[in-house]
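Undergrad: Structure supplied as upload_10.cif; contents: mmCIF, C-alpha atoms.
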data_work
loop_
_atom_site.label_atom_id
_atom_site.label_comp_id
_atom_site.auth_asym_id
_atom_site.auth_seq_id
_atom_site.Cartn_x
_atom_site.Cartn_y
_atom_site.Cartn_z
CA MET A 1 17.90 -10.39 -25.06
CA GLY A 2 20.05 -7.29 -25.58
CA ARG A 3 20.36 -4.68 -22.86
CA ILE A 4 18.90 -1.94 -25.06
CA ARG A 5 15.84 -4.05 -25.74
CA LEU A 6 15.48 -4.98 -22.04
CA THR A 7 15.67 -1.33 -21.03
CA THR A 8 13.20 -0.24 -23.72
CA ILE A 9 10.69 -2.92 -22.71
CA PHE A 10 10.96 -1.93 -19.04
CA ILE A 11 10.39 1.76 -19.80
CA LEU A 12 7.41 0.92 -22.03
CA HIS A 13 5.87 -1.20 -19.26
CA VAL A 14 6.14 1.72 -16.84
CA LEU A 15 4.62 4.14 -19.37
CA ARG A 16 1.79 1.70 -20.07
CA ASP A 17 1.13 1.48 -16.33
CA LEU A 18 0.98 5.28 -16.06
CA LEU A 19 -1.42 5.59 -18.99
CA GLY A 20 -3.54 2.66 -17.83
CA THR A 21 -3.80 4.07 -14.31
CA LEU A 22 -4.85 7.47 -15.67
CA GLY A 23 -7.41 5.80 -17.94
CA GLY A 24 -8.78 3.79 -15.03
CA ARG A 25 -9.25 6.89 -12.92
CA LEU A 26 -11.00 8.77 -15.74
CA GLY A 27 -13.19 5.73 -16.43
CA ARG A 28 -14.27 5.46 -12.79
CA GLY A 29 -15.07 9.17 -12.73
CA TRP A 30 -17.24 8.78 -15.85
CA ARG A 31 -19.10 5.78 -14.41
CA ARG A 32 -19.74 7.61 -11.16
CA LEU A 33 -20.98 10.73 -12.93
CA VAL A 34 -22.92 9.26 -15.85
CA ARG A 35 -23.98 5.82 -14.67
CA ARG A 36 -24.23 6.76 -10.98
CA GLU A 37 -22.20 3.70 -10.06
CA LYS A 38 -21.00 3.43 -6.48
CA ILE A 39 -17.28 2.73 -6.73
CA GLY A 40 -14.87 2.98 -3.83
CA VAL A 41 -11.08 2.75 -4.10
CA VAL A 42 -9.03 1.70 -1.08
CA GLY A 43 -5.25 2.00 -0.81
CA VAL A 44 -3.87 -0.73 1.46
CA ASP A 45 -0.46 -1.01 3.12
CA VAL A 46 0.67 -4.60 2.47
CA PHE A 47 4.18 -4.41 3.91
CA PRO A 48 3.06 -6.77 6.75
CA PHE A 49 2.97 -9.67 4.26
CA PHE A 50 5.09 -8.30 1.42
CA GLU A 51 8.55 -8.46 2.95
CA ARG A 52 8.17 -11.02 5.73
CA MET A 53 4.97 -12.76 6.76
CA THR A 54 4.12 -11.92 10.36
CA GLY A 55 1.07 -12.55 12.53
CA VAL A 56 -0.34 -9.24 11.37
CA GLY A 57 0.57 -10.24 7.82
CA TRP A 58 -1.55 -13.40 8.04
CA TYR A 59 -4.41 -11.38 9.53
CA GLU A 60 -4.24 -8.90 6.67
CA TRP A 61 -3.80 -11.53 3.95
CA ASN A 62 -6.88 -13.46 5.07
CA LEU A 63 -8.91 -10.28 5.54
CA LEU A 64 -8.11 -9.13 2.00
CA ALA A 65 -8.86 -12.60 0.61
CA ALA A 66 -12.32 -12.38 2.19
CA MET A 67 -12.84 -8.83 0.91
CA ASP A 68 -11.91 -9.90 -2.62
CA ARG A 69 -14.80 -12.40 -2.63
CA ARG A 70 -17.31 -9.61 -2.04
CA ASP A 71 -19.10 -7.64 -4.75
CA ASP A 72 -19.73 -4.30 -3.08
CA GLY A 73 -18.10 -1.89 -5.53
CA LEU A 74 -14.76 -1.68 -3.72
CA ARG A 75 -11.40 -1.90 -5.47
CA PHE A 76 -8.13 -2.29 -3.60
CA ASN A 77 -4.70 -0.93 -4.48
CA LEU A 78 -2.10 -2.92 -2.55
CA TYR A 79 0.95 -0.82 -1.69
CA ALA A 80 4.48 -1.90 -0.86
CA HIS A 81 7.48 -1.16 -3.10
CA THR A 82 6.33 -0.59 -6.67
CA PHE A 83 9.86 -0.84 -8.08
CA LEU A 84 12.17 -3.71 -7.14
CA ALA A 85 15.88 -4.12 -7.82
CA PRO A 86 17.06 -7.20 -9.76
CA SER A 87 18.36 -8.73 -6.51
CA ASP A 88 15.07 -8.24 -4.63
CA PRO A 89 12.86 -11.32 -4.18
CA ALA A 90 9.69 -11.62 -6.22
CA ALA A 91 6.46 -10.27 -4.81
CA PRO A 92 4.44 -12.69 -2.64
CA PRO A 93 1.20 -14.30 -3.86
CA MET A 94 -1.75 -11.96 -3.86
CA PRO A 95 -4.74 -12.64 -1.59
CA GLY A 96 -7.12 -12.06 -4.50
CA PHE A 97 -7.38 -11.06 -8.14
CA ARG A 98 -10.99 -9.99 -8.68
CA HIS A 99 -10.85 -6.53 -7.12
CA MET A 100 -7.18 -6.10 -6.21
CA ASN A 101 -4.13 -4.63 -7.86
CA LEU A 102 -0.56 -5.11 -6.64
CA ARG A 103 1.65 -2.97 -8.86
CA ILE A 104 5.17 -4.37 -9.27
CA HIS A 105 7.92 -3.43 -11.71
CA HIS A 106 11.02 -5.59 -11.29
CA LEU A 107 14.06 -3.93 -12.85
CA PRO A 108 15.81 -6.39 -15.18
CA ALA A 109 19.38 -7.39 -14.37
CA GLY A 110 20.57 -6.15 -17.76
CA LEU A 111 19.14 -2.64 -17.43
CA LEU A 112 21.35 -0.05 -19.12
CA LEU A 113 20.68 2.50 -16.38
CA PRO A 114 22.51 2.29 -13.02
CA ILE A 115 20.27 0.35 -10.64
CA ARG A 116 20.58 2.30 -7.39
CA PRO A 117 19.92 5.83 -8.73
CA THR A 118 17.21 4.47 -11.05
CA ILE A 119 15.39 2.85 -8.12
CA TRP A 120 15.77 6.07 -6.13
CA LEU A 121 14.30 8.15 -8.96
CA LEU A 122 11.43 5.76 -9.68
CA ARG A 123 10.39 5.47 -6.03
CA ARG A 124 10.45 9.22 -5.45
CA ILE A 125 8.85 10.45 -8.67
CA VAL A 126 7.05 7.73 -10.63
CA GLU A 127 5.71 5.75 -7.67
CA PRO A 128 4.01 8.79 -6.05
CA LEU A 129 2.56 9.79 -9.43
CA LEU A 130 1.05 6.33 -9.90
CA ARG A 131 -0.45 6.42 -6.41
CA PHE A 132 -1.89 9.88 -7.03
CA LEU A 133 -3.49 8.64 -10.24
CA ASP A 134 -5.00 5.69 -8.34
CA GLY A 135 -7.47 8.15 -6.81
CA ASN A 136 -7.99 6.36 -3.50
CA ASN A 137 -11.02 7.35 -1.45
CA VAL A 138 -9.58 5.94 1.76
CA LEU A 139 -6.39 4.30 3.03
CA PHE A 140 -6.35 1.16 5.18
CA ALA A 141 -3.54 0.64 7.69
CA PRO A 142 -3.72 -2.94 9.03
CA ASN A 143 -0.63 -2.57 11.22
CA PHE A 144 -1.04 0.57 13.33
CA PHE A 145 0.08 3.22 10.82
CA MET A 146 0.43 4.06 7.15
CA PRO A 147 4.04 4.40 5.97
CA ARG A 148 4.88 7.99 5.13
CA SER A 149 5.36 7.03 1.48
CA GLN A 150 1.66 6.04 1.36
CA LEU A 151 -0.02 8.47 3.75
CA PRO A 152 -0.54 11.36 1.25
CA PHE A 153 -2.49 9.25 -1.25
CA GLY A 154 -5.93 9.20 0.30
CA PRO A 155 -8.10 11.82 2.02
CA THR A 156 -8.62 9.74 5.15
CA VAL A 157 -7.38 6.62 6.91
CA VAL A 158 -8.87 3.59 8.63
CA ALA A 159 -6.20 2.26 10.99
CA THR A 160 -6.00 -0.96 12.98
CA VAL A 161 -4.52 -0.74 16.47
CA HIS A 162 -3.74 -4.13 17.96
CA ASP A 163 -2.53 -2.90 21.36
CA LEU A 164 -0.50 -0.14 22.98
CA ALA A 165 1.98 -2.41 24.72
CA PHE A 166 4.79 -0.43 23.13
CA LYS A 167 3.74 2.53 25.31
CA ALA A 168 3.39 0.56 28.55
CA LEU A 169 6.31 -1.84 28.03
CA PRO A 170 8.67 -0.27 25.48
CA ASP A 171 11.53 -2.57 26.51
CA THR A 172 9.62 -5.53 25.06
CA VAL A 173 9.50 -4.01 21.57
CA ASN A 174 12.25 -4.12 18.96
CA GLN A 175 13.93 -0.70 18.84
CA ALA A 176 13.43 -0.28 15.08
CA THR A 177 9.73 -1.09 15.47
CA LEU A 178 9.45 1.26 18.43
CA ASP A 179 11.06 4.08 16.44
CA GLU A 180 8.63 3.51 13.55
CA LEU A 181 5.63 3.59 15.89
CA GLU A 182 6.79 6.71 17.69
CA ARG A 183 7.51 8.44 14.39
CA ASN A 184 4.36 7.49 12.47
CA LEU A 185 1.47 6.48 14.71
CA ALA A 186 0.41 9.95 15.82
CA ALA A 187 0.23 11.24 12.22
CA THR A 188 -1.88 8.26 11.16
CA LEU A 189 -4.26 8.62 14.11
CA ALA A 190 -4.67 12.33 13.34
CA ARG A 191 -5.68 11.49 9.75
CA SER A 192 -7.94 8.58 10.68
CA SER A 193 -11.71 8.85 10.36
CA ARG A 194 -12.14 5.36 11.83
CA LEU A 195 -10.04 3.15 14.09
CA ILE A 196 -10.27 -0.61 14.39
CA ALA A 197 -9.40 -1.71 17.93
CA VAL A 198 -8.99 -5.43 18.50
CA SER A 199 -10.54 -5.26 21.97
CA GLU A 200 -12.42 -2.94 24.29
CA ALA A 201 -9.30 -2.62 26.43
CA THR A 202 -7.34 -1.45 23.40
CA ALA A 203 -10.09 1.04 22.55
CA ASN A 204 -9.86 2.49 26.06
CA ASP A 205 -6.07 2.70 25.79
CA ILE A 206 -6.39 4.56 22.47
CA THR A 207 -8.73 7.11 24.06
CA GLU A 208 -6.19 7.80 26.79
CA TYR A 209 -3.31 7.90 24.28
#
In structure tokens, how does this file's structure come out?

TA:
Amino acid sequence: MGRIRLTTIFILHVLRDLLGTLGGRLGRGWRRLVRREKIGVVGVDVFPFFERMTGVGWYEWNLLAAMDRRDDGLRFNLYAHTFLAPSDPAAPPMPGFRHMNLRIHHLPAGLLLPIRPTIWLLRRIVEPLLRFLDGNNVLFAPNFFMPRSQLPFGPTVVATVHDLAFKALPDTVNQATLDELERNLAATLARSSRLIAVSEATANDITEY
């Protein structure tokens, strides 16, 4: 397939996604207003199982799989990187397909445009626009905090706090992870309307924190 055709097809797929996302939001608004349907849209951070499956990743994957089997009017937008470079691995299997959407656009290797600046542009302009059009009612952070690239795209947050060991024993935590927690946790907690604590001890620690 020629590079011009590859590039054209990729651009058309992105445009179709934009138009489809806008249409979905308008359609939900109409059903809420006219049919009085109860529809909730949840934006979910899936980095815990998108890049490398961790213990938290398995917890989230199984939780979402169970949520997808329910019929309670909730739809889930799964957020990681929307745009992937040709050298990036494929997205992992989804935990469900009935009520979930994982938006992925993998740039083709033969793209006419330079990969690095194209990825930069798409992630900073098109990706936020798509997430705005998703119209989330709430964001779910299964691993302490919402990444800053996701935090603006919902009016409130439900965050899961597994423990506060990183405060009591910072030397036991990877420095990159510690930096992320120190940089992002407070902002997520400030935006959160609900917190999920895995134990009563953790709940008490959160109150003190």

Undergrad: Could you check the closest approach to A:Gly154 for each of A:Asn101, A:Thr188, A:Asn62, A:Ser199 and tell me which residue wins, using only C-alpha atoms?

TA: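 Of all the options, A:Thr188 lies closest to A:Gly154.
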
Undergrad: Any idea what the distance is between atom CA of A:Ala159 and atom CA of A:Tyr59?

TA: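 These atoms are spaced 13.8 Å apart.
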
Undergrad: Would you kindly translate the PyMOL selection byres ((chain A and resi 144-153) around 8) into the concrete residues it picks from this file, as a list in words?

TA: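 This file, filtered by the PyMOL selection byres ((chain A and resi 144-153) around 8), leaves Gly43, Asp45, Tyr79, Pro128, Arg131, Phe132, Gly135, Asn136, Leu139, Phe140, Ala141, Pro142, Asn143, Gly154, Pro155, Ala159, Thr160, Val161, His162, Leu181, Asn184, Leu185, Thr188 and Leu189 of chain A.
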
Undergrad: Taking only C-alpha atoms into account, name the residue in A:Glu182, A:Glu200, A:Asp88, A:Glu37 that is nearest to A:Ile119.

TA: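 Checking each of A:Glu182, A:Glu200, A:Asp88, A:Glu37 against A:Ile119, counting only C-alpha atoms, the winner is A:Asp88.
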
Undergrad: Contacts of A:Pro108 at 9 Å or less, counting all atoms listed in the file, minus same-chain residues fewer than 3 places along, as a ChimeraX atom specification?

TA: /A:6-7,10,85-86,111

Undergrad: Emit a file covering stretch 113-136 of chain A of the preceding structure with N, CA and C atoms, as a short mmCIF file (atom, residue, chain, number, x, y, z; two decimals), in the first residue's frame.

TA:
data_model
loop_
_atom_site.label_atom_id
_atom_site.label_comp_id
_atom_site.auth_asym_id
_atom_site.auth_seq_id
_atom_site.Cartn_x
_atom_site.Cartn_y
_atom_site.Cartn_z
N LEU A 113 4.03 11.69 7.28
CA LEU A 113 4.40 12.71 8.25
C LEU A 113 5.48 12.18 9.19
N PRO A 114 6.35 13.05 9.70
CA PRO A 114 7.37 12.60 10.66
C PRO A 114 6.71 12.10 11.95
N ILE A 115 7.14 10.94 12.42
CA ILE A 115 6.44 10.26 13.50
C ILE A 115 6.46 11.05 14.80
N ARG A 116 7.63 11.46 15.25
CA ARG A 116 7.74 12.07 16.58
C ARG A 116 6.92 13.36 16.70
N PRO A 117 7.06 14.34 15.80
CA PRO A 117 6.23 15.53 15.93
C PRO A 117 4.74 15.26 15.70
N THR A 118 4.42 14.26 14.88
CA THR A 118 3.01 13.92 14.65
C THR A 118 2.39 13.37 15.93
N ILE A 119 3.11 12.45 16.60
CA ILE A 119 2.63 11.91 17.88
C ILE A 119 2.46 13.04 18.89
N TRP A 120 3.44 13.93 18.96
CA TRP A 120 3.37 15.06 19.90
C TRP A 120 2.13 15.90 19.65
N LEU A 121 1.86 16.22 18.39
CA LEU A 121 0.72 17.05 18.03
C LEU A 121 -0.60 16.34 18.33
N LEU A 122 -0.69 15.07 17.97
CA LEU A 122 -1.92 14.32 18.19
C LEU A 122 -2.24 14.17 19.67
N ARG A 123 -1.22 13.91 20.48
CA ARG A 123 -1.46 13.71 21.91
C ARG A 123 -1.78 15.00 22.64
N ARG A 124 -1.37 16.12 22.11
CA ARG A 124 -1.60 17.39 22.80
C ARG A 124 -2.79 18.17 22.26
N ILE A 125 -3.29 17.82 21.09
CA ILE A 125 -4.44 18.54 20.53
C ILE A 125 -5.62 17.61 20.28
N VAL A 126 -5.41 16.56 19.50
CA VAL A 126 -6.53 15.70 19.11
C VAL A 126 -6.99 14.82 20.28
N GLU A 127 -6.03 14.25 21.03
CA GLU A 127 -6.41 13.40 22.16
C GLU A 127 -7.24 14.15 23.20
N PRO A 128 -6.84 15.35 23.64
CA PRO A 128 -7.69 16.09 24.58
C PRO A 128 -9.07 16.42 24.00
N LEU A 129 -9.14 16.74 22.71
CA LEU A 129 -10.42 17.04 22.09
C LEU A 129 -11.34 15.82 22.13
N LEU A 130 -10.81 14.65 21.82
CA LEU A 130 -11.61 13.43 21.88
C LEU A 130 -12.11 13.17 23.29
N ARG A 131 -11.26 13.38 24.27
CA ARG A 131 -11.67 13.14 25.66
C ARG A 131 -12.70 14.16 26.13
N PHE A 132 -12.59 15.39 25.65
CA PHE A 132 -13.61 16.39 25.96
C PHE A 132 -14.95 15.97 25.37
N LEU A 133 -14.93 15.50 24.12
CA LEU A 133 -16.17 15.09 23.46
C LEU A 133 -16.77 13.84 24.09
N ASP A 134 -15.96 13.04 24.80
CA ASP A 134 -16.50 11.86 25.48
C ASP A 134 -17.56 12.24 26.51
N GLY A 135 -17.45 13.42 27.11
CA GLY A 135 -18.46 13.88 28.06
C GLY A 135 -18.57 13.02 29.30
N ASN A 136 -17.44 12.71 29.92
CA ASN A 136 -17.48 11.88 31.13
C ASN A 136 -18.20 12.58 32.28
#
